$ cat my_file23.pdb   # PDB, C-alpha atoms (C1' of nucleotides)
ATOM      1  CA  MET F   1     -23.470  57.066-130.774
ATOM      2  CA  ALA F   2     -25.271  60.050-129.412
ATOM      3  CA  LYS F   3     -25.910  62.529-132.134
ATOM      4  CA  PRO F   4     -24.719  66.072-131.418
ATOM      5  CA  ILE F   5     -27.022  68.235-129.403
ATOM      6  CA  THR F   6     -28.548  70.673-131.792
ATOM      7  CA  SER F   7     -31.403  72.118-129.819
ATOM      8  CA  ALA F   8     -32.933  71.486-126.451
ATOM      9  CA  ARG F   9     -35.534  73.503-124.653
ATOM     10  CA  SER F  10     -35.212  72.707-121.004
ATOM     11  CA  GLY F  11     -32.074  71.747-119.119
ATOM     12  CA  PRO F  12     -29.144  72.865-121.228
ATOM     13  CA  HIS F  13     -28.945  76.596-121.690
ATOM     14  CA  THR F  14     -27.540  78.897-124.314
ATOM     15  CA  THR F  15     -25.074  81.557-123.284
ATOM     16  CA  GLY F  16     -27.775  84.193-123.294
ATOM     17  CA  GLU F  17     -30.152  82.131-121.189
ATOM     18  CA  LEU F  18     -27.478  81.371-118.655
ATOM     19  CA  ALA F  19     -26.529  85.029-118.488
ATOM     20  CA  ALA F  20     -30.118  85.975-117.774
ATOM     21  CA  LEU F  21     -30.568  83.224-115.196
ATOM     22  CA  ALA F  22     -27.363  84.017-113.338
ATOM     23  CA  GLY F  23     -27.707  87.766-113.639
ATOM     24  CA  VAL F  24     -24.374  88.356-115.297
ATOM     25  CA  ASN F  25     -23.608  89.520-118.755
ATOM     26  CA  ILE F  26     -22.754  87.293-121.665
ATOM     27  CA  GLU F  27     -19.141  88.276-122.202
ATOM     28  CA  ASN F  28     -18.571  87.698-118.555
ATOM     29  CA  ILE F  29     -19.548  84.067-118.968
ATOM     30  CA  ARG F  30     -17.210  83.597-121.889
ATOM     31  CA  TYR F  31     -14.514  85.345-119.896
ATOM     32  CA  PHE F  32     -15.004  83.027-116.915
ATOM     33  CA  GLU F  33     -14.820  80.033-119.183
ATOM     34  CA  ARG F  34     -11.656  81.327-120.795
ATOM     35  CA  ILE F  35      -9.868  81.882-117.495
ATOM     36  CA  GLY F  36     -11.133  78.582-116.147
ATOM     37  CA  LEU F  37     -13.417  79.862-113.396
ATOM     38  CA  ILE F  38     -16.216  77.761-114.829
ATOM     39  CA  PRO F  39     -15.735  74.493-116.725
ATOM     40  CA  LYS F  40     -15.775  74.572-120.490
ATOM     41  CA  ALA F  41     -19.247  74.343-121.900
ATOM     42  CA  ALA F  42     -20.386  71.589-124.237
ATOM     43  CA  ARG F  43     -20.777  72.688-127.828
ATOM     44  CA  THR F  44     -23.381  72.101-130.481
ATOM     45  CA  ALA F  45     -22.344  71.007-133.966
ATOM     46  CA  SER F  46     -22.024  74.667-134.861
ATOM     47  CA  ARG F  47     -19.867  75.593-131.885
ATOM     48  CA  HIS F  48     -22.573  77.269-129.845
ATOM     49  CA  ARG F  49     -22.223  76.701-126.119
ATOM     50  CA  ARG F  50     -24.608  74.575-124.097
ATOM     51  CA  PHE F  51     -24.517  74.946-120.319
ATOM     52  CA  ASP F  52     -26.077  72.647-117.767
ATOM     53  CA  THR F  53     -27.413  73.378-114.291
ATOM     54  CA  GLU F  54     -24.006  72.749-112.752
ATOM     55  CA  HIS F  55     -22.699  75.730-114.709
ATOM     56  CA  LEU F  56     -25.550  77.793-113.406
ATOM     57  CA  ARG F  57     -24.836  76.797-109.808
ATOM     58  CA  ARG F  58     -21.199  77.625-110.215
ATOM     59  CA  LEU F  59     -21.916  80.941-111.855
ATOM     60  CA  ILE F  60     -24.283  81.985-109.086
ATOM     61  CA  PHE F  61     -21.694  80.905-106.552
ATOM     62  CA  ILE F  62     -19.101  83.084-108.238
ATOM     63  CA  ARG F  63     -21.371  86.061-108.475
ATOM     64  CA  ARG F  64     -22.315  85.823-104.813
ATOM     65  CA  ALA F  65     -18.726  85.414-103.740
ATOM     66  CA  ARG F  66     -17.677  88.402-105.856
ATOM     67  CA  ASP F  67     -20.566  90.378-104.378
ATOM     68  CA  MET F  68     -19.232  89.452-100.955
ATOM     69  CA  GLY F  69     -15.986  91.082-101.950
ATOM     70  CA  PHE F  70     -13.864  88.006-102.589
ATOM     71  CA  SER F  71     -11.233  88.432-105.255
ATOM     72  CA  GLN F  72     -11.166  86.224-108.286
ATOM     73  CA  ASP F  73      -8.305  84.345-106.763
ATOM     74  CA  GLU F  74     -10.169  83.845-103.506
ATOM     75  CA  VAL F  75     -13.166  82.630-105.442
ATOM     76  CA  ARG F  76     -10.924  80.068-107.058
ATOM     77  CA  THR F  77      -9.814  78.910-103.625
ATOM     78  CA  LEU F  78     -13.384  78.762-102.387
ATOM     79  CA  ILE F  79     -14.425  76.679-105.364
ATOM     80  CA  ALA F  80     -11.569  74.269-104.803
ATOM     81  CA  LEU F  81     -12.466  74.009-101.127
ATOM     82  CA  SER F  82     -16.166  73.571-101.736
ATOM     83  CA  ASP F  83     -15.536  70.940-104.369
ATOM     84  CA  GLY F  84     -13.185  69.083-102.101
ATOM     85  CA  ARG F  85     -13.452  67.150 -98.847
ATOM     86  CA  PRO F  86     -16.459  67.754 -96.650
ATOM     87  CA  ASN F  87     -14.201  68.937 -93.817
ATOM     88  CA  SER F  88     -12.677  71.863 -95.671
ATOM     89  CA  CYS F  89     -14.680  74.278 -93.567
ATOM     90  CA  ALA F  90     -11.578  75.576 -91.801
ATOM     91  CA  GLY F  91     -10.014  76.627 -95.096
ATOM     92  CA  VAL F  92     -13.153  78.398 -96.146
ATOM     93  CA  LYS F  93     -13.369  80.189 -92.834
ATOM     94  CA  ALA F  94      -9.755  81.320 -93.150
ATOM     95  CA  VAL F  95     -10.420  82.901 -96.519
ATOM     96  CA  ALA F  96     -13.507  84.592 -95.140
ATOM     97  CA  GLU F  97     -11.653  85.967 -92.118
ATOM     98  CA  THR F  98      -8.870  87.364 -94.260
ATOM     99  CA  ASN F  99     -11.413  88.987 -96.473
ATOM    100  CA  LEU F 100     -13.251  90.414 -93.510
ATOM    101  CA  ARG F 101     -10.051  92.022 -92.284
ATOM    102  CA  VAL F 102      -9.422  93.561 -95.678
ATOM    103  CA  ILE F 103     -12.951  94.898 -95.839
ATOM    104  CA  ARG F 104     -12.621  96.467 -92.395
ATOM    105  CA  GLU F 105      -9.407  98.143 -93.425
ATOM    106  CA  LYS F 106     -11.069  99.496 -96.530
ATOM    107  CA  ILE F 107     -13.914 100.858 -94.434
ATOM    108  CA  ALA F 108     -11.518 102.501 -92.005
ATOM    109  CA  ARG F 109      -9.580 104.115 -94.817
ATOM    110  CA  LEU F 110     -12.712 105.365 -96.518
ATOM    111  CA  LYS F 111     -13.998 106.801 -93.267
ATOM    112  CA  ARG F 112     -10.806 108.779 -92.734
ATOM    113  CA  LEU F 113     -11.169 109.998 -96.256
ATOM    114  CA  GLU F 114     -14.784 110.927 -95.753
ATOM    115  CA  ARG F 115     -13.992 112.938 -92.666
ATOM    116  CA  LEU F 116     -11.140 114.765 -94.355
ATOM    117  CA  LEU F 117     -13.155 115.559 -97.411
ATOM    118  CA  ALA F 118     -16.259 116.560 -95.463
ATOM    119  CA  GLU F 119     -14.291 118.897 -93.225
ATOM    120  CA  THR F 120     -12.469 120.501 -96.082
ATOM    121  CA  SER F 121     -15.581 120.807 -98.156
ATOM    122  CA  ALA F 122     -17.489 122.356 -95.250
ATOM    123  CA  LYS F 123     -15.014 125.218 -95.125
ATOM    124  CA  CYS F 124     -15.907 125.981 -98.698
ATOM    125  CA  ALA F 125     -18.932 128.223 -98.992
ATOM    126  CA  GLY F 126     -19.065 127.690-102.710
ATOM    127  CA  ASN F 127     -18.724 131.363-103.418
ATOM    128  CA  ARG F 128     -15.733 133.280-104.618
ATOM    129  CA  THR F 129     -13.414 133.515-101.657
ATOM    130  CA  PRO F 130      -9.947 134.958-101.963
ATOM    131  CA  ALA F 131      -8.872 131.380-102.528
ATOM    132  CA  CYS F 132     -10.876 128.179-102.475
ATOM    133  CA  PRO F 133     -10.163 126.383 -99.208
ATOM    134  CA  LEU F 134     -10.311 123.027-100.936
ATOM    135  CA  ILE F 135      -7.674 123.925-103.463
ATOM    136  CA  GLU F 136      -5.610 125.474-100.707
ATOM    137  CA  ALA F 137      -5.801 122.231 -98.778
ATOM    138  CA  LEU F 138      -4.538 120.305-101.742
ATOM    139  CA  LEU F 139      -1.689 122.717-102.260
ATOM    140  CA  LYS F 140      -1.050 122.613 -98.538
TER     141      LYS F 140
ATOM    142  CA  MET E   1      20.773 133.126-126.507
ATOM    143  CA  ALA E   2      20.578 131.031-123.429
ATOM    144  CA  LYS E   3      22.740 128.010-123.760
ATOM    145  CA  PRO E   4      21.002 124.704-123.007
ATOM    146  CA  ILE E   5      20.715 123.789-119.386
ATOM    147  CA  THR E   6      23.195 121.070-118.761
ATOM    148  CA  SER E   7      23.422 121.004-115.031
ATOM    149  CA  ALA E   8      21.956 122.982-112.193
ATOM    150  CA  ARG E   9      22.046 122.191-108.536
ATOM    151  CA  SER E  10      19.192 124.069-106.994
ATOM    152  CA  GLY E  11      15.896 124.962-108.573
ATOM    153  CA  PRO E  12      15.385 122.632-111.513
ATOM    154  CA  HIS E  13      15.123 118.985-110.516
ATOM    155  CA  THR E  14      15.892 115.714-112.179
ATOM    156  CA  THR E  15      13.176 113.110-112.377
ATOM    157  CA  GLY E  16      14.603 111.246-109.428
ATOM    158  CA  GLU E  17      14.859 114.342-107.270
ATOM    159  CA  LEU E  18      11.305 115.334-108.058
ATOM    160  CA  ALA E  19      10.092 111.836-107.269
ATOM    161  CA  ALA E  20      11.806 111.962-103.880
ATOM    162  CA  LEU E  21      10.500 115.461-103.122
ATOM    163  CA  ALA E  22       6.935 114.682-104.089
ATOM    164  CA  GLY E  23       6.904 111.220-102.603
ATOM    165  CA  VAL E  24       5.893 109.435-105.775
ATOM    166  CA  ASN E  25       7.858 107.044-107.874
ATOM    167  CA  ILE E  26       9.748 107.918-111.003
ATOM    168  CA  GLU E  27       7.695 106.073-113.573
ATOM    169  CA  ASN E  28       4.640 107.712-112.115
ATOM    170  CA  ILE E  29       6.056 111.115-113.015
ATOM    171  CA  ARG E  30       6.763 110.061-116.571
ATOM    172  CA  TYR E  31       3.310 108.562-116.717
ATOM    173  CA  PHE E  32       1.676 111.795-115.541
ATOM    174  CA  GLU E  33       3.638 113.731-118.103
ATOM    175  CA  ARG E  34       2.608 111.332-120.834
ATOM    176  CA  ILE E  35      -1.100 111.564-120.049
ATOM    177  CA  GLY E  36      -0.879 115.311-119.622
ATOM    178  CA  LEU E  37      -1.595 115.560-115.912
ATOM    179  CA  ILE E  38       1.559 117.589-115.483
ATOM    180  CA  PRO E  39       3.080 119.838-118.138
ATOM    181  CA  LYS E  40       5.910 118.486-120.217
ATOM    182  CA  ALA E  41       9.266 118.969-118.568
ATOM    183  CA  ALA E  42      12.092 120.954-120.089
ATOM    184  CA  ARG E  43      14.898 118.816-121.431
ATOM    185  CA  THR E  44      18.655 119.012-121.228
ATOM    186  CA  ALA E  45      20.736 118.655-124.377
ATOM    187  CA  SER E  46      20.745 114.920-123.788
ATOM    188  CA  ARG E  47      16.972 114.630-123.341
ATOM    189  CA  HIS E  48      17.020 114.346-119.587
ATOM    190  CA  ARG E  49      14.068 116.029-117.927
ATOM    191  CA  ARG E  50      14.352 119.138-115.814
ATOM    192  CA  PHE E  51      11.433 120.049-113.595
ATOM    193  CA  ASP E  52      10.802 123.348-111.863
ATOM    194  CA  THR E  53       8.979 124.120-108.635
ATOM    195  CA  GLU E  54       5.699 124.483-110.482
ATOM    196  CA  HIS E  55       5.938 120.820-111.424
ATOM    197  CA  LEU E  56       6.545 119.970-107.816
ATOM    198  CA  ARG E  57       3.515 121.947-106.679
ATOM    199  CA  ARG E  58       1.354 120.265-109.261
ATOM    200  CA  LEU E  59       2.633 116.834-108.402
ATOM    201  CA  ILE E  60       1.938 117.317-104.720
ATOM    202  CA  PHE E  61      -1.499 118.612-105.590
ATOM    203  CA  ILE E  62      -2.204 115.497-107.627
ATOM    204  CA  ARG E  63      -0.949 113.142-104.967
ATOM    205  CA  ARG E  64      -3.060 114.823-102.296
ATOM    206  CA  ALA E  65      -6.141 114.804-104.454
ATOM    207  CA  ARG E  66      -5.633 111.131-105.301
ATOM    208  CA  ASP E  67      -5.139 110.432-101.608
ATOM    209  CA  MET E  68      -8.448 112.147-100.998
ATOM    210  CA  GLY E  69     -10.033 109.655-103.330
ATOM    211  CA  PHE E  70     -10.495 111.825-106.398
ATOM    212  CA  SER E  71     -10.260 109.963-109.669
ATOM    213  CA  GLN E  72      -7.727 110.936-112.276
ATOM    214  CA  ASP E  73     -10.473 112.581-114.224
ATOM    215  CA  GLU E  74     -11.644 114.530-111.214
ATOM    216  CA  VAL E  75      -8.090 115.623-110.569
ATOM    217  CA  ARG E  76      -7.983 116.933-114.099
ATOM    218  CA  THR E  77     -11.128 118.931-113.419
ATOM    219  CA  LEU E  78      -9.737 120.251-110.143
ATOM    220  CA  ILE E  79      -6.545 121.349-111.852
ATOM    221  CA  ALA E  80      -8.487 123.146-114.550
ATOM    222  CA  LEU E  81     -10.635 124.817-111.912
ATOM    223  CA  SER E  82      -7.721 125.773-109.714
ATOM    224  CA  ASP E  83      -5.806 127.174-112.641
ATOM    225  CA  GLY E  84      -8.780 129.192-113.787
ATOM    226  CA  ARG E  85     -10.756 132.119-112.448
ATOM    227  CA  PRO E  86     -10.524 132.920-108.760
ATOM    228  CA  ASN E  87     -14.264 132.324-108.338
ATOM    229  CA  SER E  88     -14.248 128.708-109.437
ATOM    230  CA  CYS E  89     -14.804 127.637-105.871
ATOM    231  CA  ALA E  90     -18.321 126.429-106.646
ATOM    232  CA  GLY E  91     -17.049 124.035-109.262
ATOM    233  CA  VAL E  92     -14.452 122.673-106.929
ATOM    234  CA  LYS E  93     -17.020 122.195-104.216
ATOM    235  CA  ALA E  94     -19.299 120.361-106.629
ATOM    236  CA  VAL E  95     -16.588 117.865-107.483
ATOM    237  CA  ALA E  96     -15.854 117.391-103.797
ATOM    238  CA  GLU E  97     -19.505 116.820-102.951
ATOM    239  CA  THR E  98     -19.916 114.270-105.708
ATOM    240  CA  ASN E  99     -16.863 112.486-104.477
ATOM    241  CA  LEU E 100     -18.095 112.581-100.929
ATOM    242  CA  ARG E 101     -21.346 110.958-101.999
ATOM    243  CA  VAL E 102     -19.478 108.226-103.838
ATOM    244  CA  ILE E 103     -17.281 107.578-100.828
ATOM    245  CA  ARG E 104     -20.298 107.327 -98.561
ATOM    246  CA  GLU E 105     -21.926 104.846-100.896
ATOM    247  CA  LYS E 106     -18.783 102.780-100.926
ATOM    248  CA  ILE E 107     -18.715 102.797 -97.137
ATOM    249  CA  ALA E 108     -22.361 101.765 -96.928
ATOM    250  CA  ARG E 109     -21.815  98.934 -99.360
ATOM    251  CA  LEU E 110     -18.733  97.703 -97.563
ATOM    252  CA  LYS E 111     -20.558  97.801 -94.243
ATOM    253  CA  ARG E 112     -23.371  95.645 -95.578
ATOM    254  CA  LEU E 113     -20.752  93.302 -96.869
ATOM    255  CA  GLU E 114     -18.940  93.251 -93.569
ATOM    256  CA  ARG E 115     -22.080  92.395 -91.691
ATOM    257  CA  LEU E 116     -23.030  89.663 -94.128
ATOM    258  CA  LEU E 117     -19.596  88.138 -94.091
ATOM    259  CA  ALA E 118     -19.198  88.421 -90.329
ATOM    260  CA  GLU E 119     -22.556  86.790 -89.703
ATOM    261  CA  THR E 120     -21.938  83.989 -92.136
ATOM    262  CA  SER E 121     -18.439  83.435 -90.905
ATOM    263  CA  ALA E 122     -19.624  83.345 -87.288
ATOM    264  CA  LYS E 123     -21.893  80.420 -88.077
ATOM    265  CA  CYS E 124     -18.855  78.543 -89.230
ATOM    266  CA  ALA E 125     -17.118  76.800 -86.360
ATOM    267  CA  GLY E 126     -14.186  75.936 -88.567
ATOM    268  CA  ASN E 127     -14.614  72.239 -87.944
ATOM    269  CA  ARG E 128     -16.093  69.647 -90.225
ATOM    270  CA  THR E 129     -19.814  70.263 -90.168
ATOM    271  CA  PRO E 130     -22.181  68.359 -92.425
ATOM    272  CA  ALA E 131     -21.756  71.248 -94.815
ATOM    273  CA  CYS E 132     -19.846  74.497 -94.448
ATOM    274  CA  PRO E 133     -22.344  77.296 -93.730
ATOM    275  CA  LEU E 134     -20.289  79.743 -95.748
ATOM    276  CA  ILE E 135     -20.335  77.627 -98.872
ATOM    277  CA  GLU E 136     -24.003  76.960 -98.300
ATOM    278  CA  ALA E 137     -24.620  80.690 -98.173
ATOM    279  CA  LEU E 138     -22.888  81.167-101.476
ATOM    280  CA  LEU E 139     -24.852  78.372-103.090
ATOM    281  CA  LYS E 140     -27.995  79.730-101.451
TER     282      LYS E 140
ATOM    283  C1'  DC S   1      39.112 106.056-117.525
ATOM    284  C1'  DT S   2      36.316 103.128-115.381
ATOM    285  C1'  DA S   3      32.574 102.046-112.596
ATOM    286  C1'  DC S   4      28.192 102.544-111.218
ATOM    287  C1'  DA S   5      24.045 105.328-110.665
ATOM    288  C1'  DT S   6      20.594 107.415-112.974
ATOM    289  C1'  DC S   7      18.125 108.426-116.847
ATOM    290  C1'  DC S   8      15.861 107.499-121.393
ATOM    291  C1'  DT S   9      12.076 105.082-124.453
ATOM    292  C1'  DG S  10       8.768 101.775-125.331
ATOM    293  C1'  DT S  11       6.125  98.067-124.124
ATOM    294  C1'  DA S  12       3.808  94.659-121.244
ATOM    295  C1'  DG S  13       1.605  93.512-117.072
ATOM    296  C1'  DC S  14      -1.932  93.854-113.035
ATOM    297  C1'  DA S  15      -7.533  93.190-111.716
ATOM    298  C1'  DA S  16     -11.658  92.124-113.519
ATOM    299  C1'  DC S  17     -14.081  92.909-116.706
ATOM    300  C1'  DT S  18     -16.500  95.397-120.852
ATOM    301  C1'  DA S  19     -17.020  96.598-125.578
ATOM    302  C1'  DC S  20     -16.243  96.154-130.202
ATOM    303  C1'  DG S  21     -16.111  94.355-135.133
ATOM    304  C1'  DG S  22     -17.153  91.161-138.483
ATOM    305  C1'  DA S  23     -18.557  86.562-139.326
ATOM    306  C1'  DT S  24     -21.758  82.724-138.596
ATOM    307  C1'  DT S  25     -25.994  80.492-137.140
ATOM    308  C1'  DC S  26     -30.551  80.101-135.111
ATOM    309  C1'  DA S  27     -35.649  80.691-134.970
ATOM    310  C1'  DA S  28     -39.721  82.315-136.664
ATOM    311  C1'  DG S  29     -42.804  84.123-140.105
ATOM    312  C1'  DC S  30     -44.526  83.728-144.777
TER     313       DC S  30
ATOM    314  C1'  DG Y   1     -37.665  77.170-148.845
ATOM    315  C1'  DC Y   2     -36.408  81.844-147.971
ATOM    316  C1'  DT Y   3     -35.761  85.902-145.656
ATOM    317  C1'  DT Y   4     -35.011  88.603-141.797
ATOM    318  C1'  DG Y   5     -33.488  89.890-137.389
ATOM    319  C1'  DA Y   6     -31.750  88.259-133.093
ATOM    320  C1'  DA Y   7     -28.307  85.645-130.929
ATOM    321  C1'  DT Y   8     -23.872  83.695-130.944
ATOM    322  C1'  DC Y   9     -19.187  83.050-132.251
ATOM    323  C1'  DC Y  10     -14.028  84.580-131.882
ATOM    324  C1'  DG Y  11     -10.330  87.605-131.107
ATOM    325  C1'  DT Y  12      -8.748  91.720-129.692
ATOM    326  C1'  DA Y  13      -8.601  96.224-127.600
ATOM    327  C1'  DG Y  14     -10.190  99.330-124.141
ATOM    328  C1'  DT Y  15     -10.913 100.622-119.161
ATOM    329  C1'  DT Y  16      -8.297 102.751-114.438
ATOM    330  C1'  DG Y  17      -4.100 103.995-112.439
ATOM    331  C1'  DC Y  18      -0.345 102.772-112.259
ATOM    332  C1'  DT Y  19       4.075  99.479-111.980
ATOM    333  C1'  DA Y  20       7.768  96.788-113.925
ATOM    334  C1'  DC Y  21      10.672  95.475-117.045
ATOM    335  C1'  DA Y  22      14.441  95.518-121.097
ATOM    336  C1'  DG Y  23      18.120  97.478-123.269
ATOM    337  C1'  DG Y  24      20.386 101.458-124.233
ATOM    338  C1'  DA Y  25      22.295 106.263-123.462
ATOM    339  C1'  DT Y  26      24.076 109.622-119.935
ATOM    340  C1'  DG Y  27      25.908 111.639-115.627
ATOM    341  C1'  DT Y  28      29.147 111.676-111.984
ATOM    342  C1'  DA Y  29      32.744 110.269-108.623
ATOM    343  C1'  DG Y  30      37.146 108.477-107.799
TER     344       DG Y  30
END
$ encode --input "my_file23.pdb" --output "structure tokens"
Amino acid sequence: MAKPITSARSGPHTTGELAALAGVNIENIRYFERIGLIPKAARTASRHRRFDTEHLRRLIFIRRARDMGFSQDEVRTLIALSDGRPNSCAGVKAVAETNLRVIREKIARLKRLERLLAETSAKCAGNRTPACPLIEALLK
Amino acid sequence: MAKPITSARSGPHTTGELAALAGVNIENIRYFERIGLIPKAARTASRHRRFDTEHLRRLIFIRRARDMGFSQDEVRTLIALSDGRPNSCAGVKAVAETNLRVIREKIARLKRLERLLAETSAKCAGNRTPACPLIEALLK
DNA sequence: CTACATCCTGTAGCAACTACGGATTCAAGC
DNA sequence: GCTTGAATCCGTAGTTGCTACAGGATGTAG
């Protein structure tokens, strides 16, 4: 019988180490474990988590995907696809394309907003006018 | 003594009427009242709300400001400023400028993201390659 | 008077985390 | 071996800005 892991220096990581290595914060890791985005960690005799390099890989994957603007749900899909058959590339591409469309819509919306706000704000000299043009615009 | 308002056709509005006029949904109105974004409505004898035109103005103001990308907290500030002295224009402009900066940052970030995703996705032919370039990119 | 629409309150849910409190447990120094 | 301070544990509540119920009380038209 293998005796329970109690301490190990290199290889398995504590929650804090993993957080530092992956560049996320600790509660985030526990959260991901809870919602099943990463597999459950092994535990020491005293219930402290021990993560291996596979956890680290996965965590970095998630962080990157989130940074790329994929939703949690999309990340889940990507993980399933990347874990699966080698020819799942089409599925991955589909998720990416959908996401790209969403991002472009967001950009378009924000640009309209920027223009509107910039124009309205430009009318405002910042001094006491009879009525602030910005407020007027909001009141219509 | 004025007897309690029990019914009135024009002027005071029911929650549903106000929602229709302002283009927001009913629960949103109750929510705004609860968090103090709009003043508490008058009530009929049977606790139904009655809103006046000032509520409508305020509600439209809020919706416009939210549409312009102001946060709830910023809206609160704008309301305070617009209710206050006539020379609060500078304050209003400051909020607008801050918001404009935030919007521009969001746009810049999304554009970087778009480029990254578009480039990575373009590498992906969608067929079974040795390894999907998109997944590879996420794994680094 | 009977339907049916609308309203009421309070609470729970969404995304995606973050922050807290109070209890262990670890690691290092002496 | 003991003490101290950092790290970890768990569960829960908060964040933002709403939205969606459930289950009951009114309003209104025919």
$ closest_atom_pairs --input "my_file23.pdb" --of "chain S" --to "chain F" --cutoff "8 Å" --atoms "all atoms listed in the file" --output "JSON lines"
{"residue": "S:DA16", "atom": "C1'", "partner": "F:Gln72", "partner_atom": "CA", "distance": 7.9}
{"residue": "S:DC17", "atom": "C1'", "partner": "F:Asn28", "partner_atom": "CA", "distance": 7.1}
{"residue": "S:DT18", "atom": "C1'", "partner": "F:Glu27", "partner_atom": "CA", "distance": 7.7}
{"residue": "S:DT25", "atom": "C1'", "partner": "F:Ser46", "partner_atom": "CA", "distance": 7.4}
$ closest_atom_pairs --input "my_file23.pdb" --of "chain Y" --to "chain F" --cutoff "8 Å" --atoms "all atoms listed in the file" --output "tab-separated table"
residue	atom	partner	partner_atom	distance
Y:DA7	C1'	F:Gly16	CA	7.8
Y:DT8	C1'	F:His48	CA	6.6
Y:DC9	C1'	F:His48	CA	7.1
$ atom_distance --input "my_file23.pdb" --atom1 "CA of Glu33 in chain F" --atom2 "CA of Asp73 in chain F"
14.7 Å
$ interface_residues --input "my_file23.pdb" --of "chain E" --to "chain F" --cutoff "7 Å" --atoms "all atoms listed in the file" --output "number ranges by chain"
E: 57, 60-61, 64-65, 68, 82, 86-90, 93, 96, 100, 103, 107, 110, 113-114, 117, 121, 124, 126-129, 131-132, 135, 138-139
$ atom_distance --input "my_file23.pdb" --atom1 "CA of Leu18 in chain E" --atom2 "CA of Ile38 in chain E"
12.5 Å
$ atom_distance --input "my_file23.pdb" --atom1 "C1' of DA6 in chain Y" --atom2 "CA of Ile35 in chain F"
27.6 Å
$ axis_aligned_box --input "my_file23.pdb" --around "range 6-23 of chain Y" --padding-each-side "6 Å" --output "JSON"
{"center_x": -6.8, "center_y": 93.5, "center_z": -122.5, "size_x": 61.9, "size_y": 32.9, "size_z": 33.1}
$ residues_around --input "my_file23.pdb" --residues "range 23-30 of chain Y" --least-positions-apart "4" --cutoff "12 Å" --atoms "all atoms listed in the file" --output "PyMOL selection string"
(chain E and resi 6-7+14+44-48) or (chain S and resi 1-10)
$ resolve_selection --input "my_file23.pdb" --expression "the PyMOL selection byres ((chain Y and resi 12) around 10)" --output "number ranges by chain"
S: 20-21; Y: 10-11, 13-14
$ resolve_selection --input "my_file23.pdb" --expression "the PyMOL selection byres ((chain S and resi 11) around 12)" --output "list in words"
DT9, DG10, DA12 and DG13 of chain S; DA20, DC21 and DA22 of chain Y
$ resolve_selection --input "my_file23.pdb" --expression "the PyMOL selection byres ((chain Y and resi 3) around 12)" --output "PyMOL selection string"
(chain S and resi 27-30) or (chain Y and resi 1-2+4-5)
$ write_last_selection --input "my_file23.pdb" --atoms "C-alpha atoms (C1' of nucleotides)" --output "PDB file, in the coordinates of the input"
ATOM      1  C1'  DA S  27     -35.649  80.691-134.970  1.00  0.00           C
ATOM      2  C1'  DA S  28     -39.721  82.315-136.664  1.00  0.00           C
ATOM      3  C1'  DG S  29     -42.804  84.123-140.105  1.00  0.00           C
ATOM      4  C1'  DC S  30     -44.526  83.728-144.777  1.00  0.00           C
TER       5       DC S  30
ATOM      6  C1'  DG Y   1     -37.665  77.170-148.845  1.00  0.00           C
ATOM      7  C1'  DC Y   2     -36.408  81.844-147.971  1.00  0.00           C
ATOM      8  C1'  DT Y   4     -35.011  88.603-141.797  1.00  0.00           C
ATOM      9  C1'  DG Y   5     -33.488  89.890-137.389  1.00  0.00           C
TER      10       DG Y   5
END
$ build_atoms --input "my_file23.pdb" --residues "range 14-24 of chain E" --atoms "N, CA and C atoms" --output "tab-separated table (two decimals), in the frame of the given file"
chain	number	residue	atom	x	y	z
E	14	THR	N	15.93	116.89	-111.32
E	14	THR	CA	15.89	115.71	-112.18
E	14	THR	C	14.64	114.92	-111.82
E	15	THR	N	14.35	113.93	-112.61
E	15	THR	CA	13.18	113.11	-112.38
E	15	THR	C	13.26	112.45	-111.00
E	16	GLY	N	14.42	111.93	-110.71
E	16	GLY	CA	14.60	111.25	-109.43
E	16	GLY	C	14.43	112.17	-108.24
E	17	GLU	N	14.99	113.36	-108.35
E	17	GLU	CA	14.86	114.34	-107.27
E	17	GLU	C	13.39	114.69	-107.04
E	18	LEU	N	12.71	114.96	-108.15
E	18	LEU	CA	11.30	115.33	-108.06
E	18	LEU	C	10.50	114.21	-107.42
E	19	ALA	N	10.79	112.99	-107.82
E	19	ALA	CA	10.09	111.84	-107.27
E	19	ALA	C	10.27	111.79	-105.75
E	20	ALA	N	11.51	112.00	-105.31
E	20	ALA	CA	11.81	111.96	-103.88
E	20	ALA	C	11.07	113.10	-103.16
E	21	LEU	N	11.13	114.30	-103.75
E	21	LEU	CA	10.50	115.46	-103.12
E	21	LEU	C	8.99	115.32	-103.03
E	22	ALA	N	8.40	114.76	-104.06
E	22	ALA	CA	6.94	114.68	-104.09
E	22	ALA	C	6.42	113.40	-103.45
E	23	GLY	N	7.33	112.47	-103.22
E	23	GLY	CA	6.90	111.22	-102.60
E	23	GLY	C	6.14	110.31	-103.55
E	24	VAL	N	6.50	110.36	-104.82
E	24	VAL	CA	5.89	109.44	-105.78
E	24	VAL	C	7.04	108.70	-106.45
